[in-house]
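Take a look at the structure below.
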Amino acid sequence: MLEINNLHCELEDDTEVKILKGLSLTVKPGEVHAIMGPNGSGKSTLSYVLSGRDGYEVTEGSATLEGEDLLDMEPEERAAAGLFLAFQYPVEIPGVGNMTFLRTAVNAQRKARGEEELSAGEFLKIIRAKAKELQIEPEMLKRPVNVGFSGGEKKRNEILQMAMLEPKMCILDETDSGLDVDAMKLVSDGVNALRASDRAFLVITHYQRLLNHIKPDVVHIMSEGRIIKSGGPELALEVEENGYGDLLAEANA
Amino acid sequence: MIPRAKLKSQKLEAAEALLAARALPGGGAWITRAREAAHARVMDMGLPVKRDEYWRYTDPRRLTDAEPQGAALLDPQDESPVFDGFDRVKLVFVDGVLNEAESDPLALEGVEICTLAQAAATDLHWARDLYGTLEARGQKPVERSLASLNTAYATEGVLIRVTGRPAKPLSLIYHRSGEAGEAMVHHVIRVEPGAEATVLENGPMAARFNQVMEVDVAQGGTLHHIRAQGRDHERAGVAHLFAQLGEGANLKSFTLTANGALIRNEAVIWLDGARGSAHIAGATVGDGAFHHDDTVFINHAAPQCESRQVFKKVLRHGAVGVFQGKILVDQVAQLTDGYQISQSLLLDEDAQFLAKPELEIYADDVKCSHGSTSGEIDPNQLFYLRARGLREDQAKLLLVLAFLAEALEEIADPALAEDLRERMESWLKRRV
Ligand SMILES: Nc1ncnc2c1ncn2[C@@H]1O[C@H](COP(=O)(O)OP(=O)(O)O)[C@@H](O)[C@H]1O
Ligand SMILES: [Mg+2]
């Protein structure tokens with residue numbers, strides 16, 4: 001599904017700042033991979049480079065989605081190809097209704113893929129059902145995108161978008177941060193409901209607790225722009241117990 | 001700064017140059033008096049010149065040149081005129097002259113309408129107390145002599161007296177037939193106590209236009225004023241709205257402007273009675289040789305009134321937007337609620353926004369806020385939308401329309417608001 005090979009990137013404005021330094025990763029259809037790592041190790045940057053945000057220069061390496069070169073595409077082409085990023089910091093867009101935004105997005109992707117657009121009625125039916133599952137009030141759908149939403153509401157709104165867009169490759173960047181226990185459960189249930197044999201997840205998180213709800217197949221530890229260790233779910237427990245110290249020391253030894 | 005005396009003599013010269021070849025129009029006694037008084041005001045004040053403080057951001061010469069410049073006619077191609085399809089009473093002006101053949105009969109229940117020419121020919125008319133009176137009042141604290149010029153020389157316009165709640169809007173439509181020409185139109189609207197009406201205006205009027213609208217809204221009355229100034233690129237014009245509001249009276253005025261070499265829209269509003277409300281809004285989209293100036297003065301002269309100014313400008317390719325807005329709160333005007341926002345969205349580095357927001361407050365218990373910003377499309381918002389699959393142009397269009405939305409919200413009728421929103425959308429689609 002997602003194949004990242006020896007990826008290097010630096011800041012466009014300051015090429016002295018190298019962030020990703022030879023990152024490799026392969027996620028197969030149906031799998032859930034988790035990436036853990038200390039603050040500043042480049043996790044969000046990885047998600048941005050994969051989704052096509054301006055400001056980063058890839059100097060080496062490759063990233064493909066189902067064999068297609070991601071790095072060569074515009075952000076909207078990546079989205080239409082099936083890539084989705086749940087933002088660490090969802091963006092507020094005053095003046096654009098949440099519902100209008102979602103319908104425009106769903107139909108833009110369908111159109112780009114040569115599929116029939118959803119009618120207003122069909123769309124409404126689907127979004128109401130999905131919003132209900134995530135306990136998103138209908139009133140929140142009418143409000144401007146993310147404006148005045150609490151931290152938890154913003155994260156649930158990201159998952160709602162993911163559910164509506166039905167992407168193949170979902171990247172979740174610290175979707176658990178700022179969530180209380182109940183919200184974490186809702187978000188996890190939302191993610192788990194989407195798990196499928198033809199869909200994969202890359203879950204970036206700081207804490208092991210999310211991984212109790214969303215069970216990963218593989219856990220990667222990231223530090224200074226690279227994966228320094230990969231393993232099973234037990235790796236997350238090890239981090240939870242001992243912190244990153246031992247792992248980093250081991251990698252540097 | 002140049003010496004006062006020199007500035008004054010420049011202004012007087014400008015007035016003399018313009019008026020040298022013009023004679024005051026004839027008419028009945030009352031209008032002749034009004035015209036002569038206005039003429040005297042012009043000769044006393046002179047006309048605006050480039051050095052005028054109040055014209056700091058806008059060069060008035062195209063408005064005061066003795067000979068008006070011509071302007072190419074716009075071919076609207078497949079786009080229907082704004083307000084098309086709305087049930088309304090249409091009054092059509094061609095080159096600033098009312099064309100009765102193209103207009104509907106001047107009849108609408110709840111409204112009395114007559115032309116300025118008809119009223120000028122009578123000896124006594126209800127508009128006598130208003131024509132030129134509000135304009136004269138509006139000469140303080142700042143001179144607006146182009147409006148006096150209009151009072152003195154305009155022969156066209158309509159006088160509208162709203163006595164009830166007419167079932168449909170009155171629609172003033174301005175067509176141009178030729179590239180040359182100048183139009184001066186002067187309307188007077190009086191809304192009687194408790195009455196309510198909607199007045200629409202659309203079209204470019206003339207290669208150069210000078211328009212005045214005097215509005216008197218009595219106790220508990222409401223006027224909705226929605227104006228779309230057309231899309232002709234080269235025309236120049238100035239429009240003055242003078243409005244005085246009685247107790248509990250309401251005014252909502254919205255203007256959409258697209259293109260135009262030079263447009264100055266002034267609004268002068270007096271909240272004379274308690275609990276009055278005035279909302280003045282504008283949405284402007286400009287591309288290339290475009291200069292648009294909104295100059296607003298709102299005087300809270302009574303307690304518990306509310307005013308809102310919402311101005312949004314989308315500019316690119318050298319377009320210039322200007323906003324000068326002042327809220328003056330008199331000492332008696334306790335519990336005033338005043339809000340003013342002026343914002344521009346610059347679509348490239350070539351566009352310019354100049355703003356001068358002002359508050360002058362003499363009452364101690366008031367709530368007044370003002371803000372002015374100038375910025376570009378937020379790259380984070382743009383990326384967020386694109387990451388969800390919106391094409392770049394689609395995402396930009398959505399963000400620009402979102403930027404304009406707050407101004408459009410000032411239109412009370414949702415169908416009219418949607419009509420104007422669609423106009424802006426199609427203008428923007430051709431450009432972003
Ligand atoms: N746009 C940027 N400008 C400046 N520094 C950046 C930018 N993006 C990332 N960085 C730097 O790159 C490093 C990795 O950041 P980030 O990817 O956000 O890490 P993480 O998500 O793992 O906490 C940090 O040192 C951060 O300061
Ligand atoms: Mg991060």
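FYI, nothing fancy with the structure tokens labels: chains A, B, ... in order, residues from 1 per chain, ligands from 1 as they appear.
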- Query: Which residues sit within 8 Å of ligand 1, counting only C-alpha atoms and all ligand atoms, listed as a list in words?
  - Reply: Leu11, Val17, Lys18, Ile19, Gly37, Pro38, Asn39, Gly40, Ser41, Gly42, Lys43, Ser44, Thr45, Leu46, Gly55, Tyr56, Asp173, Glu224 and Gly225 of chain A
Dump of all heavy atoms for the selected residues, as a tab-separated table (two decimals), in the first residue's frame:
```
chain	number	residue	atom	x	y	z
A	11	LEU	N	14.11	21.69	5.15
A	11	LEU	CA	13.21	22.83	4.99
A	11	LEU	C	13.57	23.58	3.72
A	11	LEU	O	14.75	23.80	3.46
A	11	LEU	CB	13.34	23.78	6.18
A	11	LEU	CG	12.69	23.36	7.49
A	11	LEU	CD1	12.92	24.44	8.55
A	11	LEU	CD2	11.20	23.12	7.31
A	17	VAL	N	18.39	22.85	7.76
A	17	VAL	CA	17.55	22.05	8.66
A	17	VAL	C	17.10	20.78	7.94
A	17	VAL	O	16.20	20.79	7.11
A	17	VAL	CB	16.32	22.86	9.14
A	17	VAL	CG1	15.48	22.03	10.11
A	17	VAL	CG2	16.76	24.16	9.80
A	18	LYS	N	17.78	19.69	8.27
A	18	LYS	CA	17.40	18.39	7.70
A	18	LYS	C	16.48	17.72	8.71
A	18	LYS	O	16.83	17.63	9.89
A	18	LYS	CB	18.65	17.50	7.51
A	18	LYS	CG	19.89	18.26	7.01
A	18	LYS	CD	19.94	18.32	5.51
A	18	LYS	CE	21.22	19.01	5.05
A	18	LYS	NZ	21.10	19.64	3.75
A	19	ILE	N	15.33	17.28	8.26
A	19	ILE	CA	14.38	16.70	9.22
A	19	ILE	C	14.26	15.19	9.05
A	19	ILE	O	14.49	14.43	9.99
A	19	ILE	CB	13.00	17.39	9.12
A	19	ILE	CG1	13.17	18.91	9.32
A	19	ILE	CG2	12.08	16.84	10.20
A	19	ILE	CD1	11.91	19.71	9.12
A	37	GLY	N	7.61	8.26	18.96
A	37	GLY	CA	8.93	8.89	19.00
A	37	GLY	C	8.87	10.18	19.76
A	37	GLY	O	7.80	10.78	19.91
A	38	PRO	N	10.02	10.60	20.27
A	38	PRO	CA	10.04	11.83	21.05
A	38	PRO	C	9.61	13.03	20.21
A	38	PRO	O	9.65	12.99	18.98
A	38	PRO	CB	11.48	11.98	21.51
A	38	PRO	CG	12.28	10.95	20.81
A	38	PRO	CD	11.36	9.99	20.15
A	39	ASN	N	9.23	14.10	20.90
A	39	ASN	CA	8.88	15.36	20.23
A	39	ASN	C	10.02	15.83	19.35
A	39	ASN	O	11.18	15.76	19.73
A	39	ASN	CB	8.64	16.44	21.28
A	39	ASN	CG	7.15	16.61	21.53
A	39	ASN	OD1	6.34	16.35	20.64
A	39	ASN	ND2	6.81	17.02	22.73
A	40	GLY	N	9.68	16.29	18.17
A	40	GLY	CA	10.71	16.86	17.30
A	40	GLY	C	11.44	15.83	16.47
A	40	GLY	O	12.40	16.16	15.77
A	41	SER	N	11.00	14.56	16.53
A	41	SER	CA	11.74	13.56	15.77
A	41	SER	C	11.36	13.56	14.28
A	41	SER	O	12.01	12.91	13.48
A	41	SER	CB	11.54	12.17	16.39
A	41	SER	OG	10.17	11.89	16.56
A	42	GLY	N	10.29	14.31	13.91
A	42	GLY	CA	9.95	14.44	12.49
A	42	GLY	C	8.68	13.70	12.10
A	42	GLY	O	8.41	13.53	10.91
A	43	LYS	N	7.88	13.31	13.08
A	43	LYS	CA	6.67	12.53	12.78
A	43	LYS	C	5.66	13.34	11.96
A	43	LYS	O	5.15	12.88	10.94
A	43	LYS	CB	6.02	12.05	14.09
A	43	LYS	CG	6.95	11.22	14.98
A	43	LYS	CD	6.27	10.69	16.22
A	43	LYS	CE	5.76	11.78	17.17
A	43	LYS	NZ	6.80	12.62	17.79
A	44	SER	N	5.40	14.57	12.43
A	44	SER	CA	4.45	15.40	11.67
A	44	SER	C	5.01	15.76	10.30
A	44	SER	O	4.28	15.78	9.30
A	44	SER	CB	4.12	16.69	12.43
A	44	SER	OG	3.37	16.39	13.59
A	45	THR	N	6.29	16.01	10.27
A	45	THR	CA	6.91	16.33	8.97
A	45	THR	C	6.70	15.19	7.98
A	45	THR	O	6.37	15.42	6.82
A	45	THR	CB	8.41	16.62	9.17
A	45	THR	OG1	8.54	17.71	10.09
A	45	THR	CG2	9.08	16.97	7.86
A	46	LEU	N	6.87	13.98	8.45
A	46	LEU	CA	6.63	12.83	7.58
A	46	LEU	C	5.20	12.87	7.02
A	46	LEU	O	4.98	12.69	5.82
A	46	LEU	CB	6.85	11.52	8.36
A	46	LEU	CG	6.46	10.24	7.62
A	46	LEU	CD1	7.34	10.02	6.40
A	46	LEU	CD2	6.51	9.02	8.56
A	55	GLY	N	6.83	23.72	1.59
A	55	GLY	CA	7.82	24.12	2.59
A	55	GLY	C	8.89	23.08	2.85
A	55	GLY	O	9.86	23.36	3.53
A	56	TYR	N	8.68	21.88	2.35
A	56	TYR	CA	9.66	20.82	2.55
A	56	TYR	C	10.25	20.39	1.21
A	56	TYR	O	9.54	20.26	0.22
A	56	TYR	CB	9.04	19.61	3.25
A	56	TYR	CG	8.39	19.95	4.56
A	56	TYR	CD1	7.02	20.14	4.65
A	56	TYR	CD2	9.16	20.12	5.72
A	56	TYR	CE1	6.41	20.49	5.84
A	56	TYR	CE2	8.56	20.46	6.92
A	56	TYR	CZ	7.19	20.64	6.98
A	56	TYR	OH	6.61	20.99	8.17
A	173	ASP	N	-2.23	11.81	12.79
A	173	ASP	CA	-1.14	12.47	13.50
A	173	ASP	C	-1.60	12.93	14.88
A	173	ASP	O	-2.31	13.92	15.00
A	173	ASP	CB	-0.63	13.67	12.68
A	173	ASP	CG	0.67	14.24	13.27
A	173	ASP	OD1	1.16	13.70	14.28
A	173	ASP	OD2	1.19	15.22	12.70
A	224	GLU	N	15.07	11.39	15.37
A	224	GLU	CA	15.90	12.20	14.48
A	224	GLU	C	15.75	11.83	13.01
A	224	GLU	O	16.72	11.66	12.29
A	224	GLU	CB	17.37	12.10	14.91
A	224	GLU	CG	17.55	12.71	16.29
A	224	GLU	CD	19.01	12.84	16.69
A	224	GLU	OE1	19.86	12.89	15.78
A	224	GLU	OE2	19.28	12.88	17.90
A	225	GLY	N	14.50	11.71	12.61
A	225	GLY	CA	14.23	11.57	11.19
A	225	GLY	C	14.38	10.18	10.61
A	225	GLY	O	14.37	10.01	9.40
```
- Query: For chain A against chain B, which residues fall within 9 Å using only C-alpha atoms, given as a PyMOL selection string?
  - Reply: chain A and resi 51-54+74-80+83-85+87+90-96+101-102+104-109+112+161+165
Restricted to N, CA and C atoms, what would the selected residues look like written as a short mmCIF file (atom, residue, chain, number, x, y, z; two decimals), in the first residue's frame?
```cif
data_model
loop_
_atom_site.label_atom_id
_atom_site.label_comp_id
_atom_site.auth_asym_id
_atom_site.auth_seq_id
_atom_site.Cartn_x
_atom_site.Cartn_y
_atom_site.Cartn_z
N SER A 51 1.64 14.06 2.42
CA SER A 51 0.39 14.63 1.90
C SER A 51 0.61 15.85 1.02
N GLY A 52 1.85 16.34 0.97
CA GLY A 52 2.15 17.35 -0.06
C GLY A 52 2.13 18.79 0.39
N ARG A 53 2.40 19.03 1.65
CA ARG A 53 2.42 20.41 2.12
C ARG A 53 3.65 21.14 1.59
N ASP A 54 3.49 22.41 1.27
CA ASP A 54 4.62 23.24 0.82
C ASP A 54 5.62 23.44 1.95
N GLU A 74 0.09 16.63 -6.79
CA GLU A 74 -0.46 17.74 -6.01
C GLU A 74 -1.18 17.14 -4.79
N PRO A 75 -1.34 17.94 -3.73
CA PRO A 75 -2.03 17.41 -2.55
C PRO A 75 -3.39 16.81 -2.88
N GLU A 76 -4.16 17.49 -3.77
CA GLU A 76 -5.50 17.00 -4.07
C GLU A 76 -5.46 15.70 -4.87
N GLU A 77 -4.38 15.52 -5.64
CA GLU A 77 -4.24 14.26 -6.38
C GLU A 77 -3.92 13.11 -5.42
N ARG A 78 -3.14 13.42 -4.41
CA ARG A 78 -2.84 12.39 -3.41
C ARG A 78 -4.11 11.99 -2.68
N ALA A 79 -4.93 13.01 -2.37
CA ALA A 79 -6.20 12.71 -1.69
C ALA A 79 -7.08 11.84 -2.57
N ALA A 80 -7.17 12.19 -3.84
CA ALA A 80 -8.01 11.41 -4.76
C ALA A 80 -7.45 10.01 -4.95
N LEU A 83 -5.11 8.90 -0.21
CA LEU A 83 -4.34 9.23 0.99
C LEU A 83 -5.13 10.20 1.86
N PHE A 84 -5.12 9.97 3.14
CA PHE A 84 -5.81 10.88 4.06
C PHE A 84 -4.93 11.16 5.26
N LEU A 85 -4.86 12.45 5.63
CA LEU A 85 -4.13 12.82 6.84
C LEU A 85 -5.10 13.44 7.84
N PHE A 87 -5.14 15.69 10.70
CA PHE A 87 -4.14 16.66 11.14
C PHE A 87 -3.94 16.66 12.65
N PRO A 90 -6.00 20.46 13.40
CA PRO A 90 -6.98 20.76 12.34
C PRO A 90 -7.17 22.27 12.18
N VAL A 91 -7.32 22.69 10.94
CA VAL A 91 -7.33 24.12 10.62
C VAL A 91 -8.74 24.69 10.67
N GLU A 92 -8.88 25.86 11.28
CA GLU A 92 -10.19 26.54 11.33
C GLU A 92 -10.41 27.32 10.04
N ILE A 93 -11.60 27.20 9.47
CA ILE A 93 -11.91 27.95 8.25
C ILE A 93 -13.21 28.72 8.42
N PRO A 94 -13.14 29.94 8.92
CA PRO A 94 -14.34 30.75 9.11
C PRO A 94 -15.03 31.00 7.78
N GLY A 95 -16.34 31.01 7.79
CA GLY A 95 -17.09 31.35 6.58
C GLY A 95 -17.38 30.15 5.68
N VAL A 96 -16.77 28.99 5.98
CA VAL A 96 -17.06 27.80 5.18
C VAL A 96 -17.76 26.78 6.08
N PHE A 101 -18.22 22.09 3.09
CA PHE A 101 -16.83 21.68 2.90
C PHE A 101 -16.74 20.19 2.62
N LEU A 102 -17.41 19.39 3.44
CA LEU A 102 -17.31 17.94 3.29
C LEU A 102 -17.91 17.46 1.98
N THR A 104 -18.22 19.23 -0.77
CA THR A 104 -17.32 19.64 -1.85
C THR A 104 -16.14 18.69 -1.94
N ALA A 105 -15.62 18.31 -0.78
CA ALA A 105 -14.45 17.42 -0.76
C ALA A 105 -14.80 16.04 -1.31
N VAL A 106 -15.90 15.48 -0.82
CA VAL A 106 -16.30 14.14 -1.27
C VAL A 106 -16.50 14.14 -2.79
N ASN A 107 -17.21 15.16 -3.26
CA ASN A 107 -17.51 15.19 -4.70
C ASN A 107 -16.29 15.52 -5.55
N ALA A 108 -15.40 16.34 -5.01
CA ALA A 108 -14.16 16.64 -5.76
C ALA A 108 -13.36 15.36 -5.96
N GLN A 109 -13.29 14.54 -4.90
CA GLN A 109 -12.53 13.29 -5.02
C GLN A 109 -13.22 12.31 -5.96
N ALA A 112 -12.58 13.48 -9.45
CA ALA A 112 -11.20 13.23 -9.87
C ALA A 112 -10.99 11.76 -10.21
N GLN A 161 -14.47 13.17 8.70
CA GLN A 161 -14.02 13.40 7.32
C GLN A 161 -13.44 12.13 6.73
N LEU A 165 -14.75 10.18 3.45
CA LEU A 165 -13.90 10.12 2.25
C LEU A 165 -13.44 8.70 1.92
#
```
- Task: Extract, using only C-alpha atoms, all DNA, RNA and protein residues at most 10 Å from Leu416 (chain B), discarding same-chain residues fewer than 3 positions from it, and format them as an MDAnalysis selection string.
- Result: chainID B and resid 82:83 86 200 226 408 411:413 419:422
For Arg61 (chain B), find every residue with an atom within 7 Å (counting only C-alpha atoms), except residues of its own chain fewer than 3 positions away, and show them as a PDB file with N, CA, C and O atoms, in the first residue's frame.
```pdb
ATOM      1  N   VAL B  49      -9.694  68.341  -4.441  1.00  0.00           N
ATOM      2  CA  VAL B  49      -8.474  68.226  -5.243  1.00  0.00           C
ATOM      3  C   VAL B  49      -7.589  67.164  -4.595  1.00  0.00           C
ATOM      4  O   VAL B  49      -7.854  66.701  -3.490  1.00  0.00           O
ATOM      5  N   THR B  64     -13.797  65.414 -11.340  1.00  0.00           N
ATOM      6  CA  THR B  64     -13.995  66.867 -11.392  1.00  0.00           C
ATOM      7  C   THR B  64     -13.524  67.493 -12.703  1.00  0.00           C
ATOM      8  O   THR B  64     -13.797  68.666 -12.942  1.00  0.00           O
ATOM      9  N   ASP B  65     -12.822  66.722 -13.546  1.00  0.00           N
ATOM     10  CA  ASP B  65     -12.388  67.266 -14.830  1.00  0.00           C
ATOM     11  C   ASP B  65     -13.576  67.888 -15.558  1.00  0.00           C
ATOM     12  O   ASP B  65     -14.674  67.318 -15.557  1.00  0.00           O
TER      13      ASP B  65
END
```
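A straight line drawn from CA of Gly28 (chain B) to CA of Glu67 (chain B) is 28.9 Å long.
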- Message: Can you tell me which residues surround Leu134 (chain A) at a distance of at most 10 Å, considering only C-alpha atoms, apart from same-chain residues fewer than 5 positions away, and format the answer as a PyMOL selection string?
- Response: chain A and resi 129+153+156-157+159-160+163+183+185-190
- Query: Residues at most 7 Å from Glu158 (chain A), counting only C-alpha atoms, excluding those fewer than 4 positions away in the same chain, as an MDAnalysis selection string?
  - Reply: chainID A and resid 86 154 162
Written selection (all heavy atoms) as a compact mmCIF listing (two decimals), in the first residue's frame:
```txt
# COMPACT_ATOMS: atom_id res chain seq x y z
N ALA A 86 -5.21 12.84 9.01
CA ALA A 86 -5.94 13.48 10.10
C ALA A 86 -4.92 14.38 10.80
O ALA A 86 -3.93 13.90 11.36
CB ALA A 86 -6.50 12.44 11.06
N LYS A 154 -12.67 18.82 17.34
CA LYS A 154 -11.85 18.92 16.12
C LYS A 154 -11.36 17.54 15.69
O LYS A 154 -11.39 17.19 14.51
CB LYS A 154 -10.64 19.83 16.36
CG LYS A 154 -10.99 21.30 16.33
CD LYS A 154 -9.76 22.16 16.52
CE LYS A 154 -10.17 23.63 16.54
NZ LYS A 154 -9.12 24.52 17.03
N MET A 162 -12.66 11.44 7.56
CA MET A 162 -12.04 10.19 7.10
C MET A 162 -13.12 9.17 6.74
O MET A 162 -13.06 8.51 5.70
CB MET A 162 -11.12 9.66 8.20
CG MET A 162 -10.30 8.47 7.82
SD MET A 162 -8.97 8.19 9.02
CE MET A 162 -9.84 7.23 10.22
```
- Query: Neighbours of Pro216 (chain A) within 12 Å (only C-alpha atoms; same-chain residues fewer than 3 positions away dropped), as a count of residues only?
  - Reply: 34
- Message: Using DSSP secondary structure from the backbone, list all alpha helix (DSSP H) positions within region 136-296 of chain B, as a count of residues only.
- Response: 11
